[in-house]
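Coordinates from start.cif are shown below (mmCIF, C-alpha atoms).
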data_coords
#
loop_
_atom_site.label_atom_id
_atom_site.label_comp_id
_atom_site.auth_asym_id
_atom_site.auth_seq_id
_atom_site.Cartn_x
_atom_site.Cartn_y
_atom_site.Cartn_z
CA MET A 22 37.43 47.50 1.74
CA PRO A 23 38.43 44.52 3.84
CA SER A 24 41.19 44.78 6.41
CA LEU A 25 44.13 42.71 5.26
CA GLY A 26 46.01 42.80 8.52
CA ALA A 27 46.39 44.97 11.59
CA ASP A 28 48.66 47.36 9.73
CA MET A 29 46.32 48.23 6.86
CA GLU A 30 44.19 51.35 6.97
CA ALA A 31 43.30 52.07 3.36
CA GLY A 32 43.43 50.59 -0.11
CA THR A 33 43.09 51.81 -3.69
CA LEU A 34 40.54 50.08 -5.89
CA VAL A 35 42.47 49.21 -9.06
CA GLN A 36 40.09 47.18 -11.14
CA TRP A 37 36.69 45.51 -10.99
CA LEU A 38 36.60 41.97 -12.37
CA LYS A 39 32.80 41.79 -12.12
CA ARG A 40 30.08 44.10 -13.38
CA PRO A 41 26.66 44.97 -11.95
CA GLY A 42 24.34 42.05 -12.63
CA ASP A 43 27.10 39.43 -12.51
CA GLN A 44 26.49 36.43 -10.29
CA VAL A 45 29.20 35.83 -7.68
CA LYS A 46 29.95 32.95 -5.34
CA ARG A 47 31.71 33.09 -2.00
CA GLY A 48 35.46 33.01 -2.69
CA ASP A 49 35.24 34.47 -6.21
CA ILE A 50 37.78 37.18 -6.94
CA ILE A 51 35.79 40.29 -7.74
CA ALA A 52 38.28 43.12 -7.64
CA ILE A 53 41.94 44.06 -7.36
CA VAL A 54 43.04 46.46 -4.68
CA ASP A 55 46.42 48.12 -4.28
CA THR A 56 47.74 48.15 -0.71
CA GLN A 57 50.97 48.50 1.18
CA LYS A 58 51.45 44.79 0.53
CA GLY A 59 51.15 45.11 -3.23
CA ALA A 60 48.16 44.35 -5.43
CA ILE A 61 45.71 42.04 -3.69
CA GLU A 62 42.86 40.06 -5.20
CA ILE A 63 39.68 40.68 -3.24
CA GLU A 64 37.40 37.71 -2.66
CA VAL A 65 33.69 38.06 -2.08
CA PHE A 66 32.30 36.80 1.22
CA GLU A 67 28.89 35.58 0.07
CA ASP A 68 26.84 34.36 -2.85
CA GLY A 69 24.59 36.70 -4.81
CA ALA A 70 24.55 39.17 -7.66
CA ILE A 71 26.47 42.43 -7.88
CA GLU A 72 23.83 45.11 -7.54
CA LYS A 73 25.85 48.27 -7.60
CA ILE A 74 29.50 49.27 -7.65
CA LEU A 75 30.09 52.02 -5.13
CA VAL A 76 33.82 52.71 -5.46
CA GLU A 77 35.30 53.51 -8.85
CA PRO A 78 38.77 52.36 -9.96
CA GLY A 79 41.52 54.75 -8.92
CA THR A 80 39.83 55.68 -5.63
CA LYS A 81 41.64 55.24 -2.32
CA VAL A 82 39.25 54.43 0.52
CA PRO A 83 39.68 53.54 4.21
CA VAL A 84 39.21 50.03 5.54
CA GLY A 85 35.51 49.41 6.18
CA THR A 86 34.24 51.36 3.16
CA VAL A 87 31.54 49.49 1.25
CA LEU A 88 32.93 48.70 -2.20
CA ALA A 89 29.83 47.24 -3.80
CA ALA A 90 26.33 46.16 -2.93
CA ILE A 91 25.53 42.50 -3.44
CA HIS A 92 22.00 41.26 -3.81
CA GLY A 93 22.10 38.07 -1.78
CA ALA A 94 20.32 34.92 -2.88
CA GLU A 95 18.59 34.31 0.43
CA GLN A 96 18.39 37.84 1.82
CA PRO A 97 16.34 40.42 -0.04
CA GLY A 98 18.14 43.61 0.95
CA PRO A 99 21.39 44.80 -0.56
CA LYS A 100 24.38 43.52 1.38
CA ALA A 101 27.91 44.70 1.42
CA PRO A 102 30.86 42.38 1.04
CA GLY A 103 33.75 42.74 3.37
CA LEU A 104 34.15 44.14 6.79
CA HIS A 105 31.62 46.73 7.83
CA ILE A 106 32.90 49.41 10.15
CA PRO A 107 30.60 52.22 11.26
CA ALA A 108 31.44 55.61 9.83
CA PRO A 109 33.49 57.74 12.19
CA ALA A 110 31.46 60.08 14.38
CA THR A 111 31.34 63.63 13.13
CA ARG A 112 32.99 64.94 16.25
CA THR A 113 36.43 63.38 16.28
CA ARG A 114 37.44 61.78 19.54
CA VAL A 115 41.13 61.90 20.33
CA SER A 116 42.87 60.41 23.34
CA PRO A 117 44.99 62.94 25.27
CA VAL A 118 48.15 60.94 24.57
CA ALA A 119 47.35 60.91 20.86
CA LYS A 120 46.70 64.65 20.88
CA LYS A 121 50.05 65.38 22.44
CA LEU A 122 51.86 62.96 20.14
CA ALA A 123 50.19 64.49 17.09
CA ALA A 124 51.38 67.93 18.16
CA ASP A 125 54.91 66.62 18.73
CA LEU A 126 55.05 64.83 15.38
CA GLY A 127 53.23 67.53 13.42
CA VAL A 128 50.40 65.21 12.39
CA ASP A 129 47.12 66.78 11.25
CA LEU A 130 44.44 65.01 13.28
CA HIS A 131 41.76 65.77 10.68
CA ALA A 132 43.58 63.48 8.27
CA VAL A 133 43.89 60.60 10.75
CA ARG A 134 41.38 57.78 10.82
CA GLY A 135 40.63 56.59 14.33
CA THR A 136 40.53 52.88 15.13
CA GLY A 137 39.76 53.18 18.83
CA PRO A 138 36.34 52.91 20.48
CA GLU A 139 33.70 54.81 18.44
CA GLY A 140 36.34 55.84 15.94
CA ALA A 141 38.54 57.55 18.52
CA ILE A 142 42.03 58.42 17.37
CA THR A 143 44.56 56.51 19.41
CA ARG A 144 48.29 56.86 19.84
CA GLU A 145 48.79 54.01 17.34
CA ASP A 146 46.73 55.83 14.71
CA VAL A 147 48.88 58.94 15.08
CA GLU A 148 52.06 56.89 14.84
CA ARG A 149 50.81 55.17 11.73
CA ALA A 150 49.91 58.49 10.15
CA ALA A 151 53.33 59.85 11.02
CA ALA A 152 55.01 56.78 9.54
CA HIS A 153 53.06 57.25 6.32
CA ALA A 154 53.91 60.92 6.10
CA ALA A 155 57.55 60.11 6.72
CA ALA A 156 57.77 57.40 4.09
CA PRO A 157 60.25 58.84 1.60
CA GLY A 158 60.39 58.62 -2.14
CA PRO A 159 57.77 57.95 -4.77
CA LYS A 160 54.91 55.57 -4.16
CA GLY A 161 54.72 52.35 -6.13
CA PRO A 162 52.65 52.44 -9.29
CA ALA A 163 49.18 52.38 -7.81
CA LEU A 164 47.09 51.72 -10.86
CA GLN A 165 48.77 48.89 -12.67
CA PRO A 166 47.18 45.47 -12.69
CA PRO A 167 49.27 42.74 -11.08
CA GLY A 168 51.85 41.25 -13.36
CA LEU A 169 52.91 44.62 -14.71
CA GLN A 170 54.04 45.73 -11.32
CA PRO A 171 57.70 45.66 -10.32
CA PRO A 172 58.55 43.63 -7.21
CA SER A 173 56.58 45.37 -4.53
CA GLY A 174 59.16 44.82 -1.80
CA ALA A 175 60.95 48.08 -2.37
CA ARG A 176 57.81 50.08 -1.60
CA PRO A 177 58.41 52.63 1.12
CA ASP A 178 54.81 52.35 2.32
CA MET A 179 55.33 48.63 2.98
CA ARG A 180 58.33 49.53 5.14
CA ALA A 181 56.14 51.95 7.08
CA ALA A 182 53.43 49.32 7.51
CA ILE A 183 55.91 46.77 8.85
CA ALA A 184 57.31 49.42 11.16
CA ALA A 185 53.87 50.23 12.55
CA ALA A 186 52.84 46.60 13.09
CA MET A 187 56.12 45.57 14.69
CA ALA A 188 56.25 48.65 16.93
CA ARG A 189 52.71 47.92 18.07
CA SER A 190 53.65 44.29 18.74
CA LYS A 191 56.66 45.18 20.87
CA ARG A 192 54.67 47.83 22.72
CA GLU A 193 51.57 45.76 23.46
CA ILE A 194 52.52 42.11 23.46
CA PRO A 195 54.45 40.67 26.42
CA HIS A 196 56.53 38.20 24.42
CA TYR A 197 58.12 35.14 25.92
CA TYR A 198 60.68 33.14 23.96
CA LEU A 199 61.51 29.44 23.94
CA SER A 200 63.84 27.37 21.83
CA THR A 201 64.62 23.73 21.27
CA THR A 202 66.99 21.72 19.10
CA ILE A 203 65.43 19.09 16.84
CA ASP A 204 67.18 16.15 15.17
CA MET A 205 66.13 16.26 11.51
CA SER A 206 67.71 12.90 10.46
CA ALA A 207 64.41 11.05 10.16
CA ALA A 208 62.68 13.92 8.35
CA LEU A 209 65.50 14.48 5.85
CA THR A 210 66.05 10.77 5.18
CA TRP A 211 62.35 10.39 4.45
CA LEU A 212 62.40 13.52 2.28
CA ARG A 213 65.33 12.25 0.18
CA ALA A 214 63.68 8.88 -0.40
CA GLU A 215 60.36 10.54 -1.19
CA ASN A 216 61.94 12.98 -3.66
CA GLU A 217 63.63 10.14 -5.52
CA LYS A 218 60.17 8.82 -6.31
CA ARG A 219 58.72 12.17 -7.23
CA SER A 220 58.95 14.08 -10.53
CA ILE A 221 60.80 17.40 -10.35
CA ALA A 222 57.57 19.38 -10.20
CA ASP A 223 56.31 17.37 -7.20
CA ARG A 224 59.47 17.37 -5.08
CA LEU A 225 59.24 18.53 -1.50
CA LEU A 226 61.30 20.95 0.55
CA ALA A 227 61.80 20.60 4.29
CA ILE A 228 59.64 23.70 4.87
CA ALA A 229 56.54 21.69 3.90
CA LEU A 230 57.27 19.22 6.73
CA LEU A 231 58.05 22.00 9.19
CA VAL A 232 54.82 23.90 8.50
CA LYS A 233 52.80 20.67 8.70
CA ALA A 234 54.41 19.77 12.03
CA VAL A 235 53.59 23.22 13.42
CA ALA A 236 49.97 22.93 12.23
CA LEU A 237 49.47 19.49 13.75
CA GLY A 238 51.20 20.56 16.96
CA LEU A 239 48.76 23.46 17.29
CA ARG A 240 45.88 21.00 17.55
CA GLU A 241 47.40 20.01 20.89
CA VAL A 242 48.00 23.57 22.09
CA PRO A 243 45.07 25.55 20.64
CA GLU A 244 45.71 28.61 22.82
CA LEU A 245 48.63 29.50 20.54
CA ASN A 246 46.42 29.48 17.43
CA GLY A 247 44.23 32.55 17.10
CA HIS A 248 44.02 36.24 17.84
CA TRP A 249 44.13 38.56 20.83
CA VAL A 250 41.21 40.96 20.32
CA ASP A 251 39.65 43.42 22.76
CA GLY A 252 41.52 42.11 25.75
CA ALA A 253 40.76 38.43 25.22
CA PHE A 254 42.00 35.45 23.25
CA ARG A 255 39.87 34.25 20.35
CA LYS A 256 40.67 30.77 19.14
CA GLY A 257 41.24 30.56 15.38
CA ALA A 258 38.41 29.11 13.31
CA GLY A 259 40.96 26.91 11.59
CA ILE A 260 44.72 26.48 11.62
CA HIS A 261 45.82 29.01 9.01
CA VAL A 262 49.61 29.19 9.04
CA GLY A 263 51.09 32.45 7.76
CA CYS A 264 54.38 31.81 5.98
CA ALA A 265 56.81 34.72 6.18
CA ILE A 266 58.05 35.38 2.63
CA ALA A 267 60.86 37.82 1.93
CA LEU A 268 60.31 39.91 -1.18
CA ARG A 269 63.09 40.72 -3.59
CA GLY A 270 64.40 44.18 -2.86
CA GLY A 271 63.18 44.13 0.75
CA GLY A 272 59.92 43.80 2.57
CA LEU A 273 57.96 40.88 3.84
CA VAL A 274 54.50 39.37 3.65
CA ALA A 275 53.09 36.40 5.55
CA PRO A 276 50.09 34.99 3.68
CA ALA A 277 48.27 31.95 5.04
CA VAL A 278 48.17 28.31 4.05
CA HIS A 279 44.55 27.63 5.00
CA ASP A 280 43.70 24.62 7.16
CA ALA A 281 47.35 23.63 7.13
CA ASP A 282 46.74 20.77 9.59
CA GLN A 283 44.55 19.06 7.00
CA GLN A 284 46.90 19.35 4.01
CA PRO A 285 48.91 16.33 2.91
CA VAL A 286 52.57 17.37 2.55
CA GLY A 287 52.38 17.33 -1.26
CA ALA A 288 49.48 19.78 -1.21
CA MET A 289 51.27 21.79 1.48
CA MET A 290 54.35 22.10 -0.73
CA ARG A 291 52.27 23.25 -3.70
CA ALA A 292 50.42 25.74 -1.52
CA ILE A 293 53.64 27.26 -0.15
CA SER A 294 55.29 27.34 -3.56
CA ASP A 295 52.21 29.05 -5.00
CA LEU A 296 52.15 31.62 -2.18
CA VAL A 297 55.83 32.45 -2.69
CA ALA A 298 55.37 32.89 -6.42
CA ARG A 299 52.28 35.06 -6.02
CA ALA A 300 53.71 37.08 -3.13
CA ARG A 301 56.69 37.98 -5.29
CA ALA A 302 54.53 38.70 -8.35
CA GLY A 303 52.14 40.81 -6.27
CA SER A 304 48.92 38.81 -6.64
CA LEU A 305 47.92 37.56 -3.20
CA ARG A 306 44.28 37.14 -2.22
CA SER A 307 42.52 39.05 0.49
CA SER A 308 41.72 36.01 2.66
CA GLU A 309 45.35 34.88 2.63
CA LEU A 310 46.50 38.13 4.21
CA ALA A 311 43.58 38.71 6.53
CA ASP A 312 43.31 35.50 8.47
CA PRO A 313 46.57 33.77 9.44
CA THR A 314 46.23 32.43 12.99
CA ILE A 315 49.98 31.99 13.56
CA THR A 316 53.13 32.77 11.58
CA VAL A 317 56.09 30.58 10.69
CA THR A 318 59.39 32.16 9.70
CA ASN A 319 62.22 30.18 8.25
CA LEU A 320 65.41 32.22 8.11
CA GLY A 321 67.69 29.20 7.84
CA GLU A 322 68.39 30.06 4.24
CA GLN A 323 70.49 33.00 5.37
CA GLY A 324 72.64 30.67 7.42
CA ILE A 325 71.41 31.76 10.84
CA ASP A 326 71.02 29.24 13.65
CA ALA A 327 67.83 30.52 15.27
CA ALA A 328 65.16 33.14 14.59
CA PHE A 329 63.44 34.78 17.56
CA GLY A 330 60.53 36.58 15.95
CA ILE A 331 58.19 39.44 16.71
CA ILE A 332 54.56 38.36 16.82
CA TYR A 333 52.35 39.81 14.09
CA PRO A 334 49.36 41.29 15.91
CA PRO A 335 46.65 40.28 16.57
CA GLN A 336 48.21 36.80 16.39
CA VAL A 337 49.59 35.35 19.62
CA ALA A 338 52.51 33.22 18.46
CA LEU A 339 55.28 32.90 15.91
CA VAL A 340 57.43 29.83 15.27
CA GLY A 341 60.92 30.37 13.86
CA PHE A 342 63.26 27.87 12.23
CA GLY A 343 66.98 28.33 11.66
CA ARG A 344 69.15 26.37 9.26
CA VAL A 345 69.67 22.64 9.29
CA ALA A 346 73.32 22.03 10.15
CA GLU A 347 75.35 18.89 10.87
CA ARG A 348 76.45 18.99 14.49
CA PRO A 349 77.52 16.55 17.20
CA TRP A 350 74.52 14.98 18.93
CA VAL A 351 74.42 12.30 21.58
CA VAL A 352 72.43 9.23 20.53
CA ALA A 353 72.33 6.23 22.88
CA GLY A 354 75.45 7.36 24.68
CA GLN A 355 77.45 7.95 21.49
CA VAL A 356 78.33 11.28 19.88
CA GLN A 357 77.15 11.25 16.29
CA PRO A 358 76.97 13.87 13.55
CA ARG A 359 73.32 14.70 13.00
CA PRO A 360 71.44 17.35 10.96
CA LEU A 361 69.97 19.63 13.61
CA ILE A 362 67.58 22.56 13.47
CA THR A 363 66.69 25.09 16.14
CA ALA A 364 62.97 25.73 16.49
CA THR A 365 61.88 28.77 18.47
CA LEU A 366 58.60 30.07 19.73
CA ALA A 367 57.72 33.69 20.42
CA ALA A 368 54.36 33.74 22.20
CA ASP A 369 52.03 36.24 23.82
CA HIS A 370 52.11 35.77 27.59
CA ARG A 371 48.59 37.20 27.87
CA ALA A 372 47.27 34.20 25.92
CA SER A 373 49.53 31.37 27.09
CA ASP A 374 52.25 30.41 29.53
CA GLY A 375 55.71 29.06 28.87
CA HIS A 376 54.71 25.58 29.91
CA ARG A 377 52.08 25.36 27.17
CA GLY A 378 54.45 27.00 24.68
CA GLY A 379 57.01 24.33 25.52
CA LEU A 380 54.44 21.66 24.71
CA LEU A 381 54.08 23.06 21.19
CA LEU A 382 57.82 22.85 20.53
CA ALA A 383 57.89 19.34 22.01
CA ALA A 384 55.01 18.31 19.75
CA ILE A 385 56.78 19.74 16.67
CA ASP A 386 59.90 17.73 17.60
CA ARG A 387 57.90 14.54 18.14
CA LEU A 388 55.94 14.94 14.88
CA LEU A 389 59.12 15.46 12.84
CA GLN A 390 60.47 12.09 14.07
CA THR A 391 57.72 10.27 12.11
CA PRO A 392 57.68 12.24 8.85
CA GLU A 393 55.73 9.56 6.99
CA GLN A 394 52.75 10.38 9.21
CA LEU A 395 52.81 14.11 8.51
CA MET B 7 73.69 22.55 -27.54
CA THR B 8 76.86 24.61 -27.30
CA ALA B 9 78.14 25.94 -24.00
CA ASP B 10 77.04 29.41 -25.10
CA ASP B 11 73.50 28.20 -25.81
CA LEU B 12 73.34 26.58 -22.40
CA ARG B 13 74.70 29.69 -20.75
CA ASN B 14 71.90 31.71 -22.36
CA VAL B 15 69.26 29.24 -21.24
CA ILE B 16 70.59 29.20 -17.67
CA VAL B 17 70.92 32.97 -17.39
CA GLY B 18 67.48 33.50 -18.96
CA THR B 19 65.98 31.10 -16.41
CA LEU B 20 67.68 32.88 -13.52
CA ARG B 21 66.42 36.23 -14.73
CA ARG B 22 62.85 35.04 -14.74
CA ILE B 23 63.28 34.03 -11.09
CA ALA B 24 65.25 37.10 -10.03
CA PRO B 25 64.55 39.87 -12.58
CA GLU B 26 67.07 42.25 -11.03
CA ILE B 27 70.05 40.08 -12.02
CA ASP B 28 72.66 41.65 -14.27
CA PRO B 29 73.83 38.75 -16.48
CA SER B 30 77.30 40.22 -16.97
CA SER B 31 77.90 40.29 -13.23
CA ILE B 32 77.43 36.54 -12.65
CA ARG B 33 80.69 35.00 -11.45
CA PRO B 34 80.86 31.55 -13.08
CA GLY B 35 82.56 29.73 -10.18
CA VAL B 36 80.49 31.17 -7.30
CA SER B 37 77.24 29.56 -6.19
CA PHE B 38 74.05 31.23 -7.43
CA ARG B 39 72.66 31.24 -3.91
CA ASP B 40 75.57 33.25 -2.58
CA GLN B 41 75.71 35.85 -5.31
CA LEU B 42 72.06 36.13 -6.36
CA ASP B 43 70.25 35.76 -3.04
CA LEU B 44 68.27 32.71 -4.18
CA ASP B 45 66.46 30.61 -1.60
CA SER B 46 65.62 26.90 -1.81
CA MET B 47 62.23 27.64 -3.40
CA ASP B 48 63.93 29.75 -6.10
CA PHE B 49 66.44 26.95 -6.68
CA LEU B 50 63.67 24.37 -7.02
CA ASN B 51 61.97 26.59 -9.61
CA PHE B 52 65.31 26.98 -11.41
CA VAL B 53 65.76 23.20 -11.67
CA LEU B 54 62.14 22.75 -12.75
CA ALA B 55 62.48 25.38 -15.50
CA LEU B 56 65.68 23.77 -16.82
CA HIS B 57 63.91 20.41 -16.87
CA ASP B 58 60.99 21.88 -18.81
CA LYS B 59 63.17 23.75 -21.28
CA LEU B 60 65.81 21.11 -21.96
CA GLY B 61 63.84 17.95 -21.31
CA VAL B 62 66.50 16.52 -18.99
CA GLU B 63 65.82 14.50 -15.85
CA ILE B 64 67.62 15.99 -12.85
CA PRO B 65 67.57 13.80 -9.72
CA GLU B 66 67.75 15.63 -6.43
CA SER B 67 71.13 14.07 -5.67
CA ASP B 68 72.54 15.99 -8.66
CA TYR B 69 71.32 19.42 -7.45
CA PRO B 70 74.75 20.43 -6.07
CA ARG B 71 76.18 20.15 -9.59
CA LEU B 72 73.87 23.01 -10.63
CA TYR B 73 74.98 25.39 -7.89
CA THR B 74 77.34 27.44 -10.09
CA LEU B 75 77.22 28.64 -13.70
CA ASP B 76 80.30 26.60 -14.68
CA GLY B 77 78.94 23.52 -12.91
CA ALA B 78 75.50 23.85 -14.49
CA ILE B 79 76.93 24.27 -18.02
CA ALA B 80 79.15 21.19 -17.60
CA TYR B 81 76.35 19.09 -16.12
CA LEU B 82 73.75 20.06 -18.72
CA SER B 83 76.21 19.65 -21.64
CA ALA B 84 76.77 16.07 -20.58
CA LYS B 85 73.02 15.51 -20.15
CA THR B 86 71.97 17.07 -23.47
CA GLY B 87 74.82 15.42 -25.38
#

Using structure tokens, write down the structure that the file contains.
Amino acid sequence: MPSLGADMEAGTLVQWLKRPGDQVKRGDIIAIVDTQKGAIEIEVFEDGAIEKILVEPGTKVPVGTVLAAIHGAEQPGPKAPGLHIPAPATRTRVSPVAKKLAADLGVDLHAVRGTGPEGAITREDVERAAAHAAAPGPKGPALQPPGLQPPSGARPDMRAAIAAAMARSKREIPHYYLSTTIDMSAALTWLRAENEKRSIADRLLAIALLVKAVALGLREVPELNGHWVDGAFRKGAGIHVGCAIALRGGGLVAPAVHDADQQPVGAMMRAISDLVARARAGSLRSSELADPTITVTNLGEQGIDAAFGIIYPPQVALVGFGRVAERPWVVAGQVQPRPLITATLAADHRASDGHRGGLLLAAIDRLLQTPEQL
Amino acid sequence: MTADDLRNVIVGTLRRIAPEIDPSSIRPGVSFRDQLDLDSMDFLNFVLALHDKLGVEIPESDYPRLYTLDGAIAYLSAKTG
């Protein structure tokens, strides 16, 4: 059971799409798993043949459980797809703070899975368990394949997962915040002209340009692209931009556009549009949720001027965009009405300093002035 | 197509995008975005679906004419003859 984000601790196997003996290639979707984020398509990590299925549909298992054995092409022994976490030690280790908190919150420590060193139960684990226990109302339908599932946003367990991740972020990450105002005239003029040439299905929205500008800007400031793990920054293997998508009825997911810096804007637009559609239908893929290296949130649709976000751990930065609004702007000594947008950065001060963060916002501004090169 | 036919097509399209919509509650003169919580991606999908269903070309500069139910019926009546 792969981890699909810092806030996930277990998933329910819904359906196998492959049978023992089937050949699989890296990236193939082999199973569907129900999580707090809705039904997720699980991709296999390596080539080979399914040797044995170890978790039957309908079973809820913790992150790290081996779901199936794959007989690899080049390696003789059975290998497990997904993240491999050692089984918790038989004697449960609990930090003193966690023990006290568990007593205060009435959490049964035997039912808590530890994520600390050697499976130790930490304060975060207890808080997560308490949040789960407190989640009111019925659970979403756990065993329906995607497509039959109602919008997953209303799920109380998703609320609890967001609560746990955001509380952890605010507790652990020393955020700093920056903002800048960007003139969008060039970008929007280019977009209008471009859309006149394009068929309806290929038309672009400004978000495609914004995400591309963020991705290219990150090439210049790589210390904002990656994860903070075990007390150190790990640079992202690629620039995978998580796009915050609001779900109907509440809730939020931020799946990744992979290698966003390498996508032409047309492909970027299709990728975002596809993510939005699948996020709302409940059919995201495991890699999209597991590996964003930064998040972009665009709350301008709600008419707000600026969004100062909370970093999604273990990421180290989040870029927010407000709405585009016509406002007075001074150009060559003259006040002119211009479409302006406020771009913000929330960044982890352990991984970067405000000066470097400022360079990212400056790069985004500069890149948006030559939209034809995005 | 009659105005009623168009109304059905438009409302059916909206319901595929936002399944929770109650068709009887749509106020014809108020923008869809304001009353149905649609974002720009939803609106793009709305325009695309109307194009596919009715076979009409809809340039981006005409999008504002599709913002309300009344506006969309008038615009599409003229387009579909």

### Message
When the PyMOL selection byres ((chain B) within 7 of (chain A)) is applied to the structure above, which residues does it catch, written out as a list of chain:residue names?
### Response
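Those residues are B:Asp45, B:Met47, B:Leu54, B:Pro65, B:Glu66.
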
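The neighbours of B:Ser83 here are the residues that come within 10 Å of it, using all atoms listed in the file and leaving out any residue fewer than 6 positions away in the same chain; they are Met7, Thr8, Ala9, Asp11, Leu12 and Gly77 of chain B.
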
### Task
I need the residue set behind the PyMOL selection byres ((chain B and resi 24-31) around 10) for this file; please write it as a ChimeraX atom specification.
/A:171-172,269-270,301 /B:14,17-23,32-34,41-44,48

### Task
Kindly give the distance, in Å, that separates atom CA of B:Asp76 and atom CA of A:Leu212, rounded to a single decimal.
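Taking atom CA of B:Asp76 and atom CA of A:Leu212, their separation equals 27.9 Å.
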
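Here atom CA of A:Tyr197 stands at a distance of 15.4 Å from atom CA of A:Thr316.
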
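Atom pair atom CA of A:Ala123 / atom CA of A:Gly252 has a distance of 25.5 Å (rounded to one decimal).
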
All heavy atoms modelled onto stretch 56-61 of chain B, as a short mmCIF file (atom, residue, chain, number, x, y, z; two decimals), keeping the file's coordinate frame:
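Result went into selection23.cif, see below:
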data_model
loop_
_atom_site.label_atom_id
_atom_site.label_comp_id
_atom_site.auth_asym_id
_atom_site.auth_seq_id
_atom_site.Cartn_x
_atom_site.Cartn_y
_atom_site.Cartn_z
N LEU B 56 64.67 24.38 -15.96
CA LEU B 56 65.68 23.77 -16.82
C LEU B 56 65.16 22.43 -17.35
O LEU B 56 65.36 22.08 -18.52
CB LEU B 56 66.99 23.55 -16.05
CG LEU B 56 67.76 24.83 -15.68
CD1 LEU B 56 68.99 24.47 -14.85
CD2 LEU B 56 68.18 25.62 -16.93
N HIS B 57 64.50 21.69 -16.47
CA HIS B 57 63.91 20.41 -16.87
C HIS B 57 62.89 20.62 -17.99
O HIS B 57 62.89 19.92 -19.00
CB HIS B 57 63.26 19.75 -15.65
CG HIS B 57 62.28 18.67 -15.98
ND1 HIS B 57 62.67 17.41 -16.36
CD2 HIS B 57 60.93 18.68 -16.00
CE1 HIS B 57 61.59 16.68 -16.61
NE2 HIS B 57 60.52 17.43 -16.38
N ASP B 58 62.03 21.62 -17.81
CA ASP B 58 60.99 21.88 -18.81
C ASP B 58 61.59 22.32 -20.14
O ASP B 58 61.14 21.91 -21.21
CB ASP B 58 60.02 22.96 -18.30
CG ASP B 58 59.11 22.43 -17.20
OD1 ASP B 58 59.05 21.19 -17.04
OD2 ASP B 58 58.46 23.24 -16.51
N LYS B 59 62.61 23.17 -20.06
CA LYS B 59 63.17 23.75 -21.28
C LYS B 59 64.04 22.75 -22.05
O LYS B 59 64.01 22.72 -23.27
CB LYS B 59 64.01 24.98 -20.93
CG LYS B 59 63.43 26.25 -21.53
CD LYS B 59 64.24 27.45 -21.15
CE LYS B 59 63.56 28.16 -20.00
NZ LYS B 59 64.30 29.32 -19.53
N LEU B 60 64.83 21.97 -21.30
CA LEU B 60 65.81 21.11 -21.96
C LEU B 60 65.38 19.65 -22.01
O LEU B 60 66.03 18.83 -22.64
CB LEU B 60 67.17 21.22 -21.24
CG LEU B 60 67.73 22.65 -21.15
CD1 LEU B 60 68.96 22.68 -20.24
CD2 LEU B 60 68.10 23.16 -22.55
N GLY B 61 64.31 19.32 -21.31
CA GLY B 61 63.84 17.95 -21.31
C GLY B 61 64.78 16.96 -20.63
O GLY B 61 64.78 15.78 -20.96
#
